[in-house]
>>> print(open('my_file09.pdb').read())   # PDB, C-alpha atoms
ATOM      1  CA  MET A  73     -17.308  33.913  20.054
ATOM      2  CA  THR A  74     -15.456  32.757  23.178
ATOM      3  CA  LYS A  75     -12.096  30.980  22.919
ATOM      4  CA  MET A  76     -13.734  27.718  23.917
ATOM      5  CA  ASN A  77     -16.386  28.090  21.224
ATOM      6  CA  GLN A  78     -13.730  28.986  18.648
ATOM      7  CA  ARG A  79     -11.783  25.866  19.548
ATOM      8  CA  ALA A  80     -14.909  23.718  19.381
ATOM      9  CA  GLU A  81     -15.748  25.163  15.952
ATOM     10  CA  GLN A  82     -12.192  24.565  14.756
ATOM     11  CA  THR A  83     -12.278  20.959  15.911
ATOM     12  CA  ARG A  84     -15.663  20.450  14.257
ATOM     13  CA  CYS A  85     -14.257  21.895  11.056
ATOM     14  CA  MET A  86     -11.703  19.132  10.699
ATOM     15  CA  LYS A  87     -13.338  16.217  12.434
ATOM     16  CA  GLU A  88     -16.523  16.391  10.393
ATOM     17  CA  LEU A  89     -14.564  15.873   7.185
ATOM     18  CA  ALA A  90     -15.096  12.400   5.732
ATOM     19  CA  ILE A  91     -11.348  11.858   5.603
ATOM     20  CA  PHE A  92     -11.225  11.753   9.409
ATOM     21  CA  SER A  93     -14.526   9.988   9.979
ATOM     22  CA  ASP A  94     -13.018   6.638  11.009
ATOM     23  CA  LEU A  95     -10.882   8.106  13.762
ATOM     24  CA  SER A  96     -11.628   7.880  17.445
ATOM     25  CA  PHE A  97     -12.976  10.847  19.395
ATOM     26  CA  ASN A  98      -9.573  11.497  20.986
ATOM     27  CA  GLU A  99      -7.767  11.354  17.642
ATOM     28  CA  ARG A 100     -10.211  13.817  16.150
ATOM     29  CA  GLU A 101      -9.800  16.114  19.144
ATOM     30  CA  LYS A 102      -6.046  16.147  18.449
ATOM     31  CA  ILE A 103      -6.657  17.049  14.823
ATOM     32  CA  GLY A 104      -8.751  20.029  15.867
ATOM     33  CA  ALA A 105      -5.706  21.583  17.474
ATOM     34  CA  LEU A 106      -3.851  21.519  14.137
ATOM     35  CA  ALA A 107      -6.522  23.118  12.012
ATOM     36  CA  GLY A 108      -7.342  26.575  10.736
ATOM     37  CA  LYS A 109     -10.597  27.532   9.054
ATOM     38  CA  ARG A 110     -11.864  30.210   6.736
ATOM     39  CA  ILE A 111     -14.796  31.038   4.484
ATOM     40  CA  TYR A 112     -13.769  32.133   0.989
ATOM     41  CA  ARG A 113     -16.385  34.254  -0.721
ATOM     42  CA  LYS A 114     -17.502  33.574  -4.302
ATOM     43  CA  ASN A 115     -14.697  34.427  -6.784
ATOM     44  CA  GLU A 116     -12.126  34.807  -3.992
ATOM     45  CA  TYR A 117      -8.792  33.066  -4.635
ATOM     46  CA  LEU A 118      -7.543  30.406  -2.221
ATOM     47  CA  PHE A 119      -4.198  30.724  -3.954
ATOM     48  CA  ARG A 120      -2.691  31.840  -7.238
ATOM     49  CA  GLU A 121      -0.194  30.237  -9.556
ATOM     50  CA  GLU A 122       3.433  30.784  -8.502
ATOM     51  CA  GLU A 123       2.549  31.653  -4.896
ATOM     52  CA  ALA A 124       4.455  29.693  -2.259
ATOM     53  CA  ALA A 125       2.652  26.438  -1.407
ATOM     54  CA  ASP A 126       2.735  26.048   2.365
ATOM     55  CA  THR A 127      -0.813  25.084   3.297
ATOM     56  CA  ILE A 128      -3.026  22.044   2.709
ATOM     57  CA  TYR A 129      -6.689  22.928   2.197
ATOM     58  CA  LEU A 130      -9.606  20.606   2.883
ATOM     59  CA  ILE A 131     -12.993  21.744   1.618
ATOM     60  CA  LYS A 132     -15.787  21.378   4.126
ATOM     61  CA  TYR A 133     -18.484  22.801   1.864
ATOM     62  CA  GLY A 134     -18.646  24.816  -1.338
ATOM     63  CA  ARG A 135     -16.994  24.524  -4.756
ATOM     64  CA  VAL A 136     -13.523  25.472  -5.948
ATOM     65  CA  ARG A 137     -12.300  25.701  -9.543
ATOM     66  CA  LEU A 138      -8.702  24.825 -10.344
ATOM     67  CA  PHE A 139      -7.393  26.480 -13.478
ATOM     68  CA  LYS A 140      -4.357  27.775 -15.301
ATOM     69  CA  VAL A 141      -4.217  30.785 -17.585
ATOM     70  CA  SER A 142      -2.798  30.093 -21.049
ATOM     71  CA  GLU A 143      -0.350  32.421 -22.756
ATOM     72  CA  HIS A 144      -3.321  33.793 -24.735
ATOM     73  CA  GLY A 145      -5.123  34.689 -21.505
ATOM     74  CA  LYS A 146      -7.644  31.848 -21.663
ATOM     75  CA  GLU A 147      -8.580  30.175 -18.386
ATOM     76  CA  ILE A 148      -8.089  26.411 -18.744
ATOM     77  CA  THR A 149     -10.187  24.544 -16.175
ATOM     78  CA  LEU A 150      -8.415  21.506 -14.749
ATOM     79  CA  ASP A 151     -10.812  20.450 -12.019
ATOM     80  CA  LEU A 152     -13.878  21.346  -9.985
ATOM     81  CA  LEU A 153     -13.548  20.470  -6.325
ATOM     82  CA  LYS A 154     -16.214  19.934  -3.688
ATOM     83  CA  GLU A 155     -16.569  19.012  -0.023
ATOM     84  CA  ASP A 156     -13.973  16.577   1.347
ATOM     85  CA  ASP A 157     -11.531  17.297  -1.491
ATOM     86  CA  ILE A 158      -7.917  18.233  -0.751
ATOM     87  CA  ILE A 159      -6.048  21.067  -2.492
ATOM     88  CA  GLY A 160      -2.464  22.230  -2.252
ATOM     89  CA  GLU A 161      -0.829  18.799  -2.259
ATOM     90  CA  ASN A 162       2.449  20.071  -3.679
ATOM     91  CA  THR A 163       3.049  21.599  -0.271
ATOM     92  CA  PHE A 164       4.631  18.183   0.350
ATOM     93  CA  PHE A 165       7.627  19.261  -1.729
ATOM     94  CA  GLU A 166      10.488  21.499  -0.731
ATOM     95  CA  ASP A 167      10.153  25.176  -1.709
ATOM     96  CA  ALA A 168       7.011  24.278  -3.610
ATOM     97  CA  ARG A 169       4.981  26.850  -5.532
ATOM     98  CA  HIS A 170       1.395  26.473  -6.673
ATOM     99  CA  THR A 171       1.243  25.406 -10.297
ATOM    100  CA  MET A 172      -2.339  26.607 -10.795
ATOM    101  CA  ASN A 173      -5.002  28.964  -9.467
ATOM    102  CA  ALA A 174      -7.775  27.957  -7.053
ATOM    103  CA  ARG A 175     -10.865  30.178  -6.931
ATOM    104  CA  ALA A 176     -14.103  29.698  -4.987
ATOM    105  CA  MET A 177     -17.101  29.235  -7.324
ATOM    106  CA  GLU A 178     -19.450  29.959  -4.422
ATOM    107  CA  ASP A 179     -19.025  30.725  -0.719
ATOM    108  CA  THR A 180     -16.691  27.946   0.392
ATOM    109  CA  PHE A 181     -15.719  26.824   3.895
ATOM    110  CA  VAL A 182     -12.171  25.530   4.017
ATOM    111  CA  CYS A 183     -10.209  23.872   6.811
ATOM    112  CA  SER A 184      -6.472  24.153   6.495
ATOM    113  CA  CYS A 185      -3.257  23.107   8.138
ATOM    114  CA  ASP A 186       0.413  23.659   7.479
ATOM    115  CA  LYS A 187       2.887  21.096   6.155
ATOM    116  CA  ASN A 188       4.180  20.006   9.565
ATOM    117  CA  SER A 189       0.694  19.508  10.967
ATOM    118  CA  PHE A 190      -0.322  17.505   7.929
ATOM    119  CA  ALA A 191       2.785  15.317   8.236
ATOM    120  CA  THR A 192       1.691  14.655  11.838
ATOM    121  CA  LEU A 193      -1.749  13.657  10.581
ATOM    122  CA  LEU A 194      -0.251  11.338   7.950
ATOM    123  CA  GLN A 195       1.521   9.368  10.659
ATOM    124  CA  ASN A 196      -1.904   7.951  11.429
ATOM    125  CA  PRO A 197      -2.232   4.982   8.998
ATOM    126  CA  GLY A 198      -6.003   5.481   8.692
ATOM    127  CA  ILE A 199      -5.609   9.099   7.581
ATOM    128  CA  ALA A 200      -2.663   8.278   5.290
ATOM    129  CA  LEU A 201      -4.745   5.588   3.602
ATOM    130  CA  LYS A 202      -7.680   7.958   3.070
ATOM    131  CA  VAL A 203      -5.407  10.646   1.633
ATOM    132  CA  ILE A 204      -3.798   8.092  -0.690
ATOM    133  CA  GLN A 205      -7.260   6.927  -1.795
ATOM    134  CA  LEU A 206      -8.311  10.538  -2.482
ATOM    135  CA  LEU A 207      -5.178  11.292  -4.494
ATOM    136  CA  GLY A 208      -5.483   8.003  -6.385
ATOM    137  CA  LYS A 209      -9.066   8.872  -7.317
ATOM    138  CA  LYS A 210      -7.917  12.267  -8.558
ATOM    139  CA  LEU A 211      -5.162  10.661 -10.629
ATOM    140  CA  ASN A 212      -7.707   8.348 -12.264
ATOM    141  CA  HIS A 213      -9.940  11.315 -12.942
ATOM    142  CA  TYR A 214      -7.153  13.251 -14.712
ATOM    143  CA  THR A 215      -6.135  10.154 -16.675
ATOM    144  CA  ASP A 216      -9.760   9.753 -17.790
ATOM    145  CA  GLN A 217      -9.847  13.393 -18.869
ATOM    146  CA  VAL A 218      -6.699  13.024 -20.973
ATOM    147  CA  ALA A 219      -8.057   9.837 -22.576
ATOM    148  CA  SER A 220     -11.434  11.474 -23.107
ATOM    149  CA  ILE A 221      -9.913  14.394 -25.011
ATOM    150  CA  ALA A 222      -7.721  12.067 -27.070
ATOM    151  CA  PHE A 223     -10.408   9.508 -27.979
ATOM    152  CA  ARG A 224     -13.873  11.063 -27.796
ATOM    153  CA  ASP A 225     -15.700  13.685 -29.807
ATOM    154  CA  VAL A 226     -17.343  16.635 -28.048
ATOM    155  CA  LYS A 227     -20.625  14.767 -27.575
ATOM    156  CA  GLY A 228     -18.805  11.837 -25.948
ATOM    157  CA  ARG A 229     -16.735  14.151 -23.742
ATOM    158  CA  LEU A 230     -19.795  16.155 -22.694
ATOM    159  CA  SER A 231     -21.745  12.976 -21.925
ATOM    160  CA  ALA A 232     -18.839  11.669 -19.838
ATOM    161  CA  VAL A 233     -18.615  14.938 -17.902
ATOM    162  CA  LEU A 234     -22.383  15.013 -17.279
ATOM    163  CA  LEU A 235     -22.275  11.435 -15.957
ATOM    164  CA  ARG A 236     -19.347  12.284 -13.696
ATOM    165  CA  LEU A 237     -20.995  15.452 -12.387
ATOM    166  CA  ALA A 238     -24.209  13.493 -11.763
ATOM    167  CA  GLY A 239     -22.171  10.989  -9.759
ATOM    168  CA  GLU A 240     -20.605  13.735  -7.668
ATOM    169  CA  TYR A 241     -23.344  16.348  -7.411
ATOM    170  CA  GLY A 242     -26.466  14.446  -8.512
ATOM    171  CA  LYS A 243     -29.738  14.519  -6.604
ATOM    172  CA  PRO A 244     -32.288  11.896  -7.675
ATOM    173  CA  GLY A 245     -35.794  13.199  -8.405
ATOM    174  CA  PRO A 246     -38.955  11.974 -10.128
ATOM    175  CA  ASP A 247     -37.728  13.042 -13.599
ATOM    176  CA  GLY A 248     -34.128  11.929 -13.275
ATOM    177  CA  ILE A 249     -30.906  13.047 -11.621
ATOM    178  CA  THR A 250     -30.434  16.791 -11.185
ATOM    179  CA  ILE A 251     -26.852  18.063 -11.138
ATOM    180  CA  SER A 252     -27.039  20.296  -8.102
ATOM    181  CA  ILE A 253     -24.534  22.926  -9.206
ATOM    182  CA  GLU A 254     -25.260  25.690 -11.661
ATOM    183  CA  LEU A 255     -23.070  25.436 -14.730
ATOM    184  CA  THR A 256     -23.056  27.742 -17.726
ATOM    185  CA  HIS A 257     -22.341  26.371 -21.188
ATOM    186  CA  GLN A 258     -18.999  28.170 -20.927
ATOM    187  CA  ASP A 259     -18.208  26.234 -17.721
ATOM    188  CA  LEU A 260     -19.014  22.974 -19.515
ATOM    189  CA  ALA A 261     -16.992  24.105 -22.537
ATOM    190  CA  ASN A 262     -14.009  24.707 -20.253
ATOM    191  CA  LEU A 263     -14.395  21.232 -18.757
ATOM    192  CA  VAL A 264     -14.655  19.356 -22.067
ATOM    193  CA  ASN A 265     -12.228  21.535 -23.980
ATOM    194  CA  ALA A 266     -14.647  22.701 -26.652
ATOM    195  CA  SER A 267     -16.095  26.035 -27.735
ATOM    196  CA  ARG A 268     -19.172  27.425 -25.976
ATOM    197  CA  VAL A 269     -21.085  27.341 -29.287
ATOM    198  CA  MET A 270     -20.253  23.663 -29.818
ATOM    199  CA  VAL A 271     -21.395  22.805 -26.275
ATOM    200  CA  THR A 272     -24.676  24.677 -26.805
ATOM    201  CA  ASN A 273     -25.270  22.698 -30.027
ATOM    202  CA  VAL A 274     -24.473  19.345 -28.427
ATOM    203  CA  MET A 275     -26.631  20.141 -25.369
ATOM    204  CA  GLY A 276     -29.454  20.874 -27.827
ATOM    205  CA  HIS A 277     -28.969  17.456 -29.481
ATOM    206  CA  LEU A 278     -28.902  15.671 -26.111
ATOM    207  CA  ARG A 279     -32.134  17.468 -25.134
ATOM    208  CA  GLN A 280     -33.822  16.503 -28.424
ATOM    209  CA  GLU A 281     -32.770  12.876 -27.957
ATOM    210  CA  GLY A 282     -34.332  12.892 -24.483
ATOM    211  CA  ALA A 283     -31.050  12.218 -22.685
ATOM    212  CA  ILE A 284     -31.162  15.421 -20.647
ATOM    213  CA  ALA A 285     -33.427  18.352 -19.734
ATOM    214  CA  THR A 286     -32.442  21.760 -18.403
ATOM    215  CA  ARG A 287     -34.027  24.029 -15.820
ATOM    216  CA  GLY A 288     -32.294  27.400 -15.785
ATOM    217  CA  GLN A 289     -28.622  26.553 -15.401
ATOM    218  CA  GLN A 290     -29.369  23.192 -13.810
ATOM    219  CA  ILE A 291     -29.103  20.018 -15.845
ATOM    220  CA  ILE A 292     -31.294  16.958 -15.331
ATOM    221  CA  LEU A 293     -30.153  13.562 -16.588
ATOM    222  CA  LEU A 294     -33.260  11.832 -17.928
ATOM    223  CA  ASN A 295     -31.577   8.815 -19.485
ATOM    224  CA  ARG A 296     -28.177   7.805 -18.096
ATOM    225  CA  ASP A 297     -27.969   4.727 -20.345
ATOM    226  CA  MET A 298     -28.253   6.880 -23.454
ATOM    227  CA  LEU A 299     -25.404   9.104 -22.223
ATOM    228  CA  ALA A 300     -23.328   6.051 -21.313
ATOM    229  CA  GLN A 301     -23.811   4.671 -24.839
ATOM    230  CA  THR A 302     -22.593   7.980 -26.284
ATOM    231  CA  VAL A 303     -19.489   7.761 -24.076
ATOM    232  CA  GLU A 304     -18.817   4.178 -25.237
ATOM    233  CA  ALA A 305     -19.542   4.897 -28.903
ATOM    234  CA  ILE A 306     -16.084   6.138 -29.859
TER     235      ILE A 306
ATOM    236  CA  MET B  84      10.048  18.565  -7.394
ATOM    237  CA  LYS B  85      12.176  17.675  -4.400
ATOM    238  CA  PRO B  86      10.433  15.843  -1.534
ATOM    239  CA  ASP B  87      10.424  17.844   1.678
ATOM    240  CA  SER B  88      12.879  16.462   4.208
ATOM    241  CA  LEU B  89      10.457  17.292   7.034
ATOM    242  CA  LEU B  90       8.258  14.478   5.769
ATOM    243  CA  SER B  91      11.008  11.889   5.416
ATOM    244  CA  ASN B  92      10.244  10.143   8.702
ATOM    245  CA  CYS B  93       6.583   9.707   7.966
ATOM    246  CA  GLU B  94       5.653   6.285   6.553
ATOM    247  CA  GLY B  95       2.525   7.400   4.699
ATOM    248  CA  CYS B  96       4.214  10.565   3.432
ATOM    249  CA  GLU B  97       6.353   8.776   0.861
ATOM    250  CA  SER B  98       3.331   7.305  -0.914
ATOM    251  CA  VAL B  99       1.540  10.642  -0.725
ATOM    252  CA  GLN B 100       4.559  12.420  -2.230
ATOM    253  CA  LYS B 101       4.821   9.892  -5.074
ATOM    254  CA  LEU B 102       1.120  10.240  -5.855
ATOM    255  CA  THR B 103       1.330  14.027  -5.658
ATOM    256  CA  ALA B 104       4.246  14.061  -8.131
ATOM    257  CA  ARG B 105       2.182  11.935 -10.547
ATOM    258  CA  LEU B 106      -0.819  14.194 -10.077
ATOM    259  CA  GLU B 107       1.296  17.225 -10.953
ATOM    260  CA  LEU B 108       2.552  15.452 -14.059
ATOM    261  CA  MET B 109      -0.971  14.518 -15.114
ATOM    262  CA  ARG B 110      -2.242  18.055 -14.516
ATOM    263  CA  THR B 111       0.609  19.422 -16.631
ATOM    264  CA  LEU B 112      -0.270  16.968 -19.416
ATOM    265  CA  LEU B 113      -3.964  17.809 -19.146
ATOM    266  CA  TYR B 114      -3.250  21.541 -19.262
ATOM    267  CA  THR B 115      -0.889  21.124 -22.223
ATOM    268  CA  ILE B 116      -3.520  19.179 -24.177
ATOM    269  CA  LYS B 117      -6.424  21.447 -23.195
ATOM    270  CA  ALA B 118      -4.512  24.631 -24.002
ATOM    271  CA  GLY B 119      -4.105  23.324 -27.563
ATOM    272  CA  VAL B 120      -0.421  24.256 -27.724
ATOM    273  CA  PRO B 121       1.818  22.226 -30.106
ATOM    274  CA  ALA B 122       3.117  20.098 -27.222
ATOM    275  CA  GLY B 123      -0.481  19.270 -26.300
ATOM    276  CA  ARG B 124      -1.309  18.294 -29.870
ATOM    277  CA  ILE B 125       1.599  15.878 -30.112
ATOM    278  CA  ALA B 126       0.857  14.567 -26.583
ATOM    279  CA  ALA B 127      -2.703  13.718 -27.687
ATOM    280  CA  VAL B 128      -1.353  11.955 -30.785
ATOM    281  CA  LEU B 129       1.082   9.958 -28.630
ATOM    282  CA  VAL B 130      -1.714   8.934 -26.243
ATOM    283  CA  VAL B 131      -3.742   7.605 -29.184
ATOM    284  CA  LEU B 132      -0.717   5.855 -30.724
ATOM    285  CA  CYS B 133       0.199   4.226 -27.422
ATOM    286  CA  ALA B 134      -3.331   2.945 -27.000
ATOM    287  CA  LEU B 135      -3.847   1.737 -30.536
ATOM    288  CA  SER B 136      -0.582   0.414 -31.857
ATOM    289  CA  GLY B 137       2.781  -1.229 -31.211
ATOM    290  CA  LEU B 138       3.054  -0.531 -27.514
ATOM    291  CA  GLU B 139       5.101  -2.342 -24.955
ATOM    292  CA  GLN B 140       4.228  -1.728 -21.334
ATOM    293  CA  THR B 141       6.792  -2.153 -18.580
ATOM    294  CA  GLY B 142       5.637  -1.194 -15.108
ATOM    295  CA  ASN B 143       4.357   2.372 -15.255
ATOM    296  CA  GLU B 144       5.964   3.117 -18.605
ATOM    297  CA  ILE B 145       4.575   2.699 -22.061
ATOM    298  CA  ILE B 146       7.233   2.300 -24.733
ATOM    299  CA  LEU B 147       6.296   3.368 -28.226
ATOM    300  CA  THR B 148       8.789   2.183 -30.818
ATOM    301  CA  GLU B 149       9.314   3.084 -34.452
ATOM    302  CA  ALA B 150       7.067   6.135 -34.511
ATOM    303  CA  GLU B 151       8.002   7.812 -37.760
ATOM    304  CA  TYR B 152       9.068  11.423 -37.199
ATOM    305  CA  GLN B 153       7.466  12.968 -40.291
ATOM    306  CA  ALA B 154       4.232  11.028 -39.689
ATOM    307  CA  LEU B 155       4.081  12.287 -36.116
ATOM    308  CA  ALA B 156       4.546  15.860 -37.317
ATOM    309  CA  ARG B 157       1.775  15.452 -39.914
ATOM    310  CA  SER B 158      -0.607  13.832 -37.399
ATOM    311  CA  ALA B 159      -0.246  16.758 -35.004
ATOM    312  CA  ASN B 160      -0.200  19.295 -37.853
ATOM    313  CA  LEU B 161       3.223  20.546 -36.831
ATOM    314  CA  SER B 162       6.423  21.367 -38.659
ATOM    315  CA  THR B 163       9.342  19.067 -37.814
ATOM    316  CA  GLY B 164      10.972  21.970 -35.990
ATOM    317  CA  LYS B 165       7.884  22.501 -33.814
ATOM    318  CA  LEU B 166       7.642  18.747 -33.266
ATOM    319  CA  LYS B 167      11.192  18.660 -31.910
ATOM    320  CA  ASP B 168      10.468  21.638 -29.609
ATOM    321  CA  SER B 169       7.271  19.970 -28.401
ATOM    322  CA  LEU B 170       8.912  16.605 -27.728
ATOM    323  CA  ASP B 171      11.733  18.391 -25.896
ATOM    324  CA  TYR B 172       9.152  20.270 -23.799
ATOM    325  CA  LEU B 173       7.291  17.052 -22.912
ATOM    326  CA  GLN B 174      10.597  15.423 -22.015
ATOM    327  CA  GLN B 175      11.600  18.407 -19.882
ATOM    328  CA  GLN B 176       8.278  18.151 -18.014
ATOM    329  CA  GLY B 177       8.949  14.462 -17.315
ATOM    330  CA  ILE B 178       5.940  13.343 -19.359
ATOM    331  CA  ILE B 179       7.894  11.433 -22.002
ATOM    332  CA  CYS B 180      11.429  10.270 -22.647
ATOM    333  CA  TYR B 181      12.465   9.992 -26.283
ATOM    334  CA  SER B 182      15.367   9.410 -28.577
ATOM    335  CA  ARG B 183      15.694   9.578 -32.374
ATOM    336  CA  SER B 184      17.403   6.896 -34.368
ATOM    337  CA  LYS B 185      19.929   8.079 -36.951
ATOM    338  CA  SER B 186      18.315   6.357 -39.946
TER     339      SER B 186
END
>>> encode(input="my_file09.pdb", output="structure tokens")
Amino acid sequence: MTKMNQRAEQTRCMKELAIFSDLSFNEREKIGALAGKRIYRKNEYLFREEEAADTIYLIKYGRVRLFKVSEHGKEITLDLLKEDDIIGENTFFEDARHTMNARAMEDTFVCSCDKNSFATLLQNPGIALKVIQLLGKKLNHYTDQVASIAFRDVKGRLSAVLLRLAGEYGKPGPDGITISIELTHQDLANLVNASRVMVTNVMGHLRQEGAIATRGQQIILLNRDMLAQTVEAI
Amino acid sequence: MKPDSLLSNCEGCESVQKLTARLELMRTLLYTIKAGVPAGRIAAVLVVLCALSGLEQTGNEIILTEAEYQALARSANLSTGKLKDSLDYLQQQGIICYSRSKS
């Protein structure tokens, strides 16, 4: 790849992200100069807990799992991230270290920039607003998760997670909405904080009730209202 | 976490830093609850108590008054010693602020 092509690819990497979509051509050209890019292969770490946090990552495509490892060695999933999500926000703090691990769930294309470059980007009110909106959405999502664990049973938590995943990864089809990422029962168990066996049982109940169907590791939502009622029930 | 001085001249940075600090706090709370450690158990009990009873909300804080110490320990299935450790941990993480009355 020639230098010019590399530069063009780098600029594309950043400017095609939704976060920068409202900017003018010239503004997006400037952003290209600040960006790095890299493909992380499946299971490769973007960063590990306790490593120095000096880079902001923006996912262009792929999936990343954020998790911490408990003192008993169990991986506690905190979030699943997808295209247009930001990771590594605590780079904004002095001498920051990552407080969790980030690992690619599939081949994942990531644009990145250092703290100074990102501060330059944030001086644009449009970008600052989009970043604030993204972080605010994340905060709501974590608050919902805490409330969900405190107030709902496993069926309610699983239904809430399936509805959220359908909102983020859902593809409408003739039978219903297919969640377009492959999730094992263990993945779902990690998300809803339940055992794998419990999740398998509850998935069985939801299938029998006609709320969902499964095809391999893909889940199809047949009746969103039924799931929503389960979420509201507690 | 101390805000980075490099970002002090950036208008949008202050809001981003505040939100990031809250996100970190929420992730810590989520991890603590999900990991099922004593601090997580009492945090979940406090969330329920705040939502269901006797709460006063001022700004971003929720003030829970007159939570009985022994009852809290029983609700989270903790000894009073573990409850104190857990509340201290949550306070240290900036998730709660608490004080015990002498009575």
>>> resolve_selection(input="my_file09.pdb", expression="the PyMOL selection byres ((chain A and resi 120) around 7)", output="PDB file with C-alpha atoms, in the frame of the given file")
ATOM      1  CA  TYR A 117      -8.792  33.066  -4.635  1.00  0.00           C
ATOM      2  CA  PHE A 119      -4.198  30.724  -3.954  1.00  0.00           C
ATOM      3  CA  GLU A 121      -0.194  30.237  -9.556  1.00  0.00           C
ATOM      4  CA  GLU A 122       3.433  30.784  -8.502  1.00  0.00           C
ATOM      5  CA  GLU A 123       2.549  31.653  -4.896  1.00  0.00           C
ATOM      6  CA  HIS A 170       1.395  26.473  -6.673  1.00  0.00           C
ATOM      7  CA  MET A 172      -2.339  26.607 -10.795  1.00  0.00           C
ATOM      8  CA  ASN A 173      -5.002  28.964  -9.467  1.00  0.00           C
ATOM      9  CA  ALA A 174      -7.775  27.957  -7.053  1.00  0.00           C
TER      10      ALA A 174
END
>>> atom_distance(input="my_file09.pdb", atom1="CA of Leu170 (chain B)", atom2="CA of Phe164 (chain A)")
28.4 Å
>>> interface_residues(input="my_file09.pdb", of="chain A", to="chain B", cutoff="8 Å", atoms="all atoms listed in the file", output="short mmCIF file (atom, residue, chain, number, x, y, z; two decimals) with C-alpha atoms, in the coordinates of the input")
data_model
loop_
_atom_site.label_atom_id
_atom_site.label_comp_id
_atom_site.auth_asym_id
_atom_site.auth_seq_id
_atom_site.Cartn_x
_atom_site.Cartn_y
_atom_site.Cartn_z
CA LYS A 140 -4.36 27.78 -15.30
CA SER A 142 -2.80 30.09 -21.05
CA ILE A 148 -8.09 26.41 -18.74
CA LEU A 150 -8.41 21.51 -14.75
CA GLU A 161 -0.83 18.80 -2.26
CA ASN A 162 2.45 20.07 -3.68
CA PHE A 164 4.63 18.18 0.35
CA PHE A 165 7.63 19.26 -1.73
CA GLU A 166 10.49 21.50 -0.73
CA ALA A 168 7.01 24.28 -3.61
CA ASN A 188 4.18 20.01 9.56
CA ALA A 191 2.78 15.32 8.24
CA THR A 192 1.69 14.66 11.84
CA LEU A 194 -0.25 11.34 7.95
CA GLN A 195 1.52 9.37 10.66
CA PRO A 197 -2.23 4.98 9.00
CA ALA A 200 -2.66 8.28 5.29
CA LEU A 201 -4.74 5.59 3.60
CA VAL A 203 -5.41 10.65 1.63
CA ILE A 204 -3.80 8.09 -0.69
CA LEU A 207 -5.18 11.29 -4.49
CA GLY A 208 -5.48 8.00 -6.38
CA LYS A 210 -7.92 12.27 -8.56
CA LEU A 211 -5.16 10.66 -10.63
CA TYR A 214 -7.15 13.25 -14.71
CA THR A 215 -6.14 10.15 -16.68
CA GLN A 217 -9.85 13.39 -18.87
CA VAL A 218 -6.70 13.02 -20.97
CA ALA A 219 -8.06 9.84 -22.58
CA ILE A 221 -9.91 14.39 -25.01
CA ALA A 222 -7.72 12.07 -27.07
CA PHE A 223 -10.41 9.51 -27.98
CA ASN A 265 -12.23 21.54 -23.98
#
>>> atom_distance(input="my_file09.pdb", atom1="CA of Val226 (chain A)", atom2="CA of Lys114 (chain A)")
29.2 Å
>>> atom_distance(input="my_file09.pdb", atom1="CA of Met298 (chain A)", atom2="CA of Gly245 (chain A)")
18.0 Å
>>> resolve_selection(input="my_file09.pdb", expression="the PyMOL selection byres ((chain A and resi 185) around 8)", output="list of chain:residue names")
A:Leu106, A:Ala107, A:Gly108, A:Thr127, A:Ile128, A:Tyr129, A:Cys183, A:Ser184, A:Asp186, A:Lys187, A:Ser189, A:Phe190
>>> residues_around(input="my_file09.pdb", residues="region 171-175 of chain B", least_positions_apart="4", cutoff="10 Å", atoms="only C-alpha atoms", output="list in words")
Thr111, Leu112, Thr115, Pro121, Ala122, Gly123, Ile125, Ala126, Lys165, Leu166, Lys167, Ile179, Cys180 and Tyr181 of chain B
>>> residues_around(input="my_file09.pdb", residues="Arg229 (chain A)", least_positions_apart="5", cutoff="6 Å", atoms="all atoms listed in the file", output="PyMOL selection string")
chain A and resi 220+224+264
>>> resolve_selection(input="my_file09.pdb", expression="the PyMOL selection byres ((chain A and resi 133) around 12)", output="PyMOL selection string")
chain A and resi 85-86+88-90+109-113+129-132+134-136+153-158+176-183
>>> closest_residue(input="my_file09.pdb", among="B:Asp168, B:Gly177, B:Thr163, B:Leu147", to="Leu135 (chain B)", atoms="only C-alpha atoms")
B:Leu147
>>> axis_aligned_box(input="my_file09.pdb", around="region 119-126 of chain B", padding_each_side="6 Å", output="lines of an AutoDock Vina configuration file")
center_x = -0.5
center_y = 19.4
center_z = -28.2
size_x = 19.2
size_y = 21.7
size_z = 15.8
>>> closest_residue(input="my_file09.pdb", among="B:Ser162, B:Arg183, B:Ser169, B:Leu132", to="Ile145 (chain B)", atoms="only C-alpha atoms")
B:Leu132
>>> residues_around(input="my_file09.pdb", residues="region 291-297 of chain A", least_positions_apart="6", cutoff="6 Å", atoms="all atoms listed in the file", output="list in words")
Gly248, Ile249, Thr250, Ile251, Ala283, Ile284 and Ala285 of chain A
>>> closest_residue(input="my_file09.pdb", among="A:Ile199, A:Ala300, A:Ile253, A:Leu118", to="Lys227 (chain A)", atoms="only C-alpha atoms")
A:Ala300
